[in-house]
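J.: To start, I am sharing the structure in question, which I have written as structure tokens.
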Amino acid sequence: MMENNGCQSVGSEKTKVVRTFEKSIAGRPFKVEIGKMANLASGSALIHYGETVVLVTAVASRKPKAGIDFFPLTVEFEEKLYSVGKIPGGFIKREGRPSERATLTARLIDRPIRPLFPNGMKNEVQVVATVMSVDQDCTPDTVAMNGASIALGISDIPFDGPVAGVTVGYVEGKYIINPTIEEKEKSSLNLIVAGTKDAVVMVEAGADILPEDVVLGGIMEGHEAVKEICAFIDEIVAELGKEKFKITLPEIDEVFVSEIENFLSERMNQSVRIHDKHERNEALDILKDDMIAHFEESHPDEKDFLKEQFKAIEKKIVRKMIINENLRPDGRTPFDIRPVSCEVGLLPRTHGSGLFTRGLTQALTITTLGALGEAQRIDGLDLEETKRYMHHYNFPPYSVGEVGMSRVNRRAIGHGALGERALLPVIPSELDFPYTIRLVSEVVTCNGSSSQASICGSTLSLLDAGVPIKDSVAGIAMGLIQEEGKISILSDIQGMEDALGDMDFKVAGTKDGITALQMDIKVDGLNKELLENALEQARVGRLHILEKMNAVISTPRAEMSKYAPRVFQIKINPDKIRDVIGPGGKVITRITSTHNVKIDIDDSGIVLITAADGIGGEAALREIESIVKVPEVGQVYKGKVSRILKFGAFVDLGFGKEGLCHISQIDTKRIAKVEDSVNIGDEVMVKIIEIDDQGRINLSRKVLLEEQNKEA
């Protein structure tokens, strides 16, 4: 009888076969295991890069989802804190809702893969990347992106991949693919490039005010590495890829389509040329209702199809108008920027406020300053544990004239992070400006490019708050129309051009260079020449906007708002930290409550006192100074009599030290007993006249009284 380990294989399930593929990327091993885990998913891959391990799965429904007019793709990036050896903080010791970083990474994966699914596909697709182990030198974001491409590629889900991604750094004039943590700290560029073997399809970047040619060089360098990874994925798919299932697309009645186009074309052509958005939308709504009413009797069940064709014909006419006439729906040429206006100091009780208006789009940003102890705590996979500068973006439904729920969704998190990245290079250091900084951008009206308007509004708000930023930052969104072999790059795109165009290319920066960049492509991708032209056109537009902003405010206000907190700083001997804190925190608690302040102390002895007003802060500062002060002969203190003995009075000097004022040193005249001159609780001015070898302090009140008498 054969022995076993207690487990038996029963039934008809096939024996698991694990296939392994390996490649070196940026000098580190990249290993793909197929068939090791999650074999009931449509496609799955266990990806190793260095010691980072990510399981990526892809699953799709076989039937299209009814009643929708979009492709239902969901991407999840699941951070498991065990991957970095952490137990979740807080009361509930398990992972909760996705962190901001997880949400941003899910968007990062979604953006390059979404255009590669078939047009008209309505089948639900879910991609899940589960981070199981993290090597900080091999960050899991691009690992998960490449894993998603592999899982989709080998699955039976229709997908026109592969697509791949890498991170690009820039250190001492050289580009580095997938930089390590040490290299990232030195890098002036943090760039993620995703693309196919033929073109770049997605870019996400933060830069330390770099010129356009340096950023463009990084994009092209990244694409070379992307091509190699795509070739590697092609090998895996060629060997293990399943046959793709067929999606069912409704048959199109070309005669009916022609009838719809004939009915719409002339009026549509007139409607899309109305410059005012409200009037244009009203004309288009009337035209749509007329179309439905016209075809309702002959095609009673085709209302959804009619609406689809309406959008398709609108898109076709707008794109032809731009390509052939260099004319946009609001009357601008491709290079024109909508009218810009700026205002600061709108809200009297906030620490800073700025309203940026471009066309109809308006972003109001409010700056709030706080103590360093109010920095955001980060409970995630990164080494960073706190963040003192935050940028939040809100997009309420009223901003586009709609009714809906006001909530923070993935888009709002992504736009907030883009604004944060754009302004980070100009934010002063903690040493130069010891405050926590929170920016909140309220998009109060939107007709495109609201994320870039929020960046402009944030610059205005920071300057209004008196924050010493290094330079002003502005942002602009660029678009692209690629039709009939012709190309038109559009500056400052509005909502209609974003929806009907082929590119959303956001560029932010100062007058000297780029600080942030985000690009998504709806077509096959961009080549170097197109990218170069788009970046140059964006630079010209950015300088135009900065000129308008600088005309209103160009330097930080000399005085902060009277409602802003005040920060006082002192450097103390680290050995004195325990004296400031006191036993059980009693001393620091008393100071904070007495003077209504917040106190932060680091291990080097830097003490930051944040107060609602200068009076409380200065009082707390004086008290801490007295606590840490080393007594010296000749120093004068205002103390309080704490004890009385026959030979003298003990005086509390206020910093945990007391000294003896001998009866002979209490008054200028001879006294029989101490109580003849002072009593317990009296406040007296005393001078240190001696500190003996054992640290005992001898005081004199007499010498100060004699000095007063001489002056009198």
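The way I read the labels, and the way they are meant: chains A, B, ... in the order of the structure tokens, residue 1 as the first residue of every chain, and ligand 1 as the first ligand shown, with later ones counted on from there.
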What lies within 9 Å of Phe310 of chain A using only C-alpha atoms, ignoring chain neighbours under 3 positions off, as an MDAnalysis selection string?
T.: chainID A and resid 260:261 264 288 291 305:307 313:315
J.: Contacts of segment 463-470 of chain A at 8 Å or less, counting only C-alpha atoms, minus same-chain residues fewer than 4 places along, as number ranges by chain?
T.: A: 344-345, 351-354, 367, 426-428, 433, 459, 553-561
J.: May I ask which of the residues A:Leu543, A:Ala499, A:Ile292, A:Ile177 is the closest one to Val473 of chain A, counting only C-alpha atoms?
T.: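 Among A:Leu543, A:Ala499, A:Ile292, A:Ile177, it is A:Leu543 that comes nearest to Val473 of chain A.
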J.: Mind checking which residues fall within 9 Å of Phe71 of chain A, counting only C-alpha atoms, ignoring those fewer than 6 positions away in the same chain, and posting them as a PDB file with N, CA and C atoms, in the first residue's frame?
T.:
ATOM      1  N   ARG A 114      -7.458  50.094 -21.191  1.00  0.00           N
ATOM      2  CA  ARG A 114      -8.862  50.317 -21.596  1.00  0.00           C
ATOM      3  C   ARG A 114      -9.014  50.518 -23.105  1.00  0.00           C
ATOM      4  N   PHE A 117      -9.373  47.223 -25.689  1.00  0.00           N
ATOM      5  CA  PHE A 117     -10.501  46.308 -25.818  1.00  0.00           C
ATOM      6  C   PHE A 117     -11.333  46.715 -27.030  1.00  0.00           C
ATOM      7  N   ASN A 119     -14.040  48.045 -29.608  1.00  0.00           N
ATOM      8  CA  ASN A 119     -15.089  49.056 -29.560  1.00  0.00           C
ATOM      9  C   ASN A 119     -16.450  48.374 -29.490  1.00  0.00           C
ATOM     10  N   GLY A 120     -17.308  48.893 -28.630  1.00  0.00           N
ATOM     11  CA  GLY A 120     -18.650  48.340 -28.506  1.00  0.00           C
ATOM     12  C   GLY A 120     -18.760  47.187 -27.540  1.00  0.00           C
ATOM     13  N   MET A 121     -17.646  46.762 -26.936  1.00  0.00           N
ATOM     14  CA  MET A 121     -17.684  45.649 -25.992  1.00  0.00           C
ATOM     15  C   MET A 121     -18.402  46.083 -24.714  1.00  0.00           C
ATOM     16  N   LYS A 122     -19.389  45.301 -24.293  1.00  0.00           N
ATOM     17  CA  LYS A 122     -20.168  45.610 -23.095  1.00  0.00           C
ATOM     18  C   LYS A 122     -20.049  44.499 -22.045  1.00  0.00           C
ATOM     19  N   ASN A 123     -19.177  43.529 -22.274  1.00  0.00           N
ATOM     20  CA  ASN A 123     -18.971  42.454 -21.289  1.00  0.00           C
ATOM     21  C   ASN A 123     -18.183  42.988 -20.100  1.00  0.00           C
ATOM     22  N   GLU A 124     -18.605  42.635 -18.892  1.00  0.00           N
ATOM     23  CA  GLU A 124     -17.889  43.069 -17.700  1.00  0.00           C
ATOM     24  C   GLU A 124     -16.519  42.395 -17.636  1.00  0.00           C
ATOM     25  N   VAL A 125     -15.491  43.178 -17.381  1.00  0.00           N
ATOM     26  CA  VAL A 125     -14.132  42.668 -17.220  1.00  0.00           C
ATOM     27  C   VAL A 125     -13.583  43.210 -15.903  1.00  0.00           C
TER      28      VAL A 125
END
J.: What gap, in Å, lies between atom CA of Ile323 of chain A and atom CA of Ser488 of chain A?
T.: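 Those two atoms sit 6.2 Å apart.
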J.: Show which residues sit within 12 Å of Glu228 of chain A, as a list of chain:residue names. Count only C-alpha atoms, and ignore same-chain residues fewer than 6 positions away.
T.: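 The neighbour list is A:Lys23, A:Ser24, A:Ile25, A:Ala26, A:Asn146, A:Pro162, A:Val163, A:Ala164, A:Gly165, A:Val166, A:Gly195, A:Thr196, A:Lys197, A:Asp198, A:Glu221, A:Gly222, A:Asp234, A:Glu235.
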J.: I need the residues in segment 534-637 of chain A that are helix (DSSP H, G or I) according to DSSP; give them as a JSON list (two decimals) with C-alpha atoms, in the first residue's frame.
T.:
[["chain", "number", "residue", "atom", "x", "y", "z"],
["A", 534, "ALA", "CA", 2.29, 69.05, -28.09],
["A", 535, "LEU", "CA", 4.83, 69.90, -25.37],
["A", 536, "GLU", "CA", 5.94, 73.08, -27.13],
["A", 537, "GLN", "CA", 2.37, 74.23, -27.72],
["A", 538, "ALA", "CA", 1.63, 73.51, -24.04],
["A", 539, "ARG", "CA", 4.68, 75.55, -22.97],
["A", 540, "VAL", "CA", 3.50, 78.58, -24.93],
["A", 541, "GLY", "CA", 0.02, 78.26, -23.45],
["A", 542, "ARG", "CA", 1.40, 77.84, -19.91],
["A", 543, "LEU", "CA", 3.45, 81.03, -20.20],
["A", 544, "HIS", "CA", 0.36, 82.93, -21.37],
["A", 545, "ILE", "CA", -1.61, 81.74, -18.33],
["A", 546, "LEU", "CA", 1.26, 82.52, -15.92],
["A", 547, "GLU", "CA", 1.37, 86.07, -17.28],
["A", 548, "LYS", "CA", -2.33, 86.51, -16.43],
["A", 549, "MET", "CA", -1.82, 85.07, -12.94],
["A", 550, "ASN", "CA", 1.27, 87.16, -12.20],
["A", 574, "PRO", "CA", 18.43, 66.83, 23.11],
["A", 575, "ASP", "CA", 19.23, 65.94, 26.73],
["A", 576, "LYS", "CA", 16.69, 68.59, 27.78],
["A", 577, "ILE", "CA", 13.78, 67.03, 25.82],
["A", 578, "ARG", "CA", 12.73, 64.98, 28.83],
["A", 579, "ASP", "CA", 12.61, 68.14, 30.96],
["A", 580, "VAL", "CA", 10.24, 69.82, 28.49],
["A", 581, "ILE", "CA", 8.03, 66.74, 28.34],
["A", 583, "PRO", "CA", 7.23, 62.99, 34.03],
["A", 584, "GLY", "CA", 4.31, 61.33, 32.28],
["A", 585, "GLY", "CA", 4.07, 64.29, 29.90],
["A", 586, "LYS", "CA", 2.85, 66.60, 32.67],
["A", 587, "VAL", "CA", 5.02, 69.60, 31.76],
["A", 588, "ILE", "CA", 4.26, 69.67, 28.02],
["A", 589, "THR", "CA", 0.56, 69.02, 28.67],
["A", 590, "ARG", "CA", 0.43, 71.96, 31.08],
["A", 591, "ILE", "CA", 2.16, 74.30, 28.62],
["A", 592, "THR", "CA", -0.11, 73.33, 25.70],
["A", 593, "SER", "CA", -3.31, 73.71, 27.71],
["A", 594, "THR", "CA", -2.25, 76.93, 29.49],
["A", 595, "HIS", "CA", -1.21, 78.75, 26.31],
["A", 614, "GLY", "CA", 1.40, 85.31, 18.72],
["A", 615, "ILE", "CA", 0.76, 85.99, 22.40],
["A", 616, "GLY", "CA", 0.18, 82.37, 23.36],
["A", 617, "GLY", "CA", 3.06, 81.18, 21.20],
["A", 618, "GLU", "CA", 5.53, 83.67, 22.67],
["A", 619, "ALA", "CA", 4.46, 82.78, 26.22],
["A", 620, "ALA", "CA", 4.96, 79.06, 25.55],
["A", 621, "LEU", "CA", 8.32, 79.79, 23.92],
["A", 622, "ARG", "CA", 9.50, 81.76, 26.98],
["A", 623, "GLU", "CA", 8.43, 78.95, 29.27],
["A", 624, "ILE", "CA", 10.31, 76.33, 27.27],
["A", 625, "GLU", "CA", 13.36, 78.59, 27.12],
["A", 626, "SER", "CA", 13.29, 78.89, 30.88],
["A", 627, "ILE", "CA", 12.98, 75.10, 31.29],
["A", 628, "VAL", "CA", 15.99, 74.33, 29.11]]
J.: For Leu531 of chain A, which of A:Glu483, A:Asp676, A:Asp69, A:Asp213 is the closest residue, counting only C-alpha atoms?
T.: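 Counting only C-alpha atoms, the residue closest to Leu531 of chain A is A:Asp213.
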J.: Can you list, as a ChimeraX atom specification, every protein, DNA or RNA residue that comes within 12 Å of Met405 of chain A when you count only C-alpha atoms, leaving out same-chain residues fewer than 3 positions away?
T.: /A:394-398,402,408-409
J.: Taking 3 positions as the minimum chain separation for residues in the same chain, which residues sit within 8 Å of segment 137-141 of chain A when counting only C-alpha atoms? Answer as a ChimeraX atom specification.
T.: /A:49-54,105,108-109,131,134,144-145,178-181
J.: Give the strand (DSSP E or B) residues of segment 440-519 of chain A, as DSSP finds them on the backbone, and put them as a PyMOL selection string.
T.: chain A and resi 440-445+474-483+486-491+503-509+514-519
J.: Mind giving me the straight-line distance from atom CA of Val400 of chain A to atom CA of Ile68 of chain A in Å, one decimal?
T.: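 Taking atom CA of Val400 of chain A and atom CA of Ile68 of chain A, their separation equals 21.5 Å.
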J.: Skipping near chain neighbours, those fewer than 5 positions away, what residues fall within 7 Å of Gly513 of chain A using only C-alpha atoms, listed as a VMD selection string?
T.: chain A and resid 209 to 212
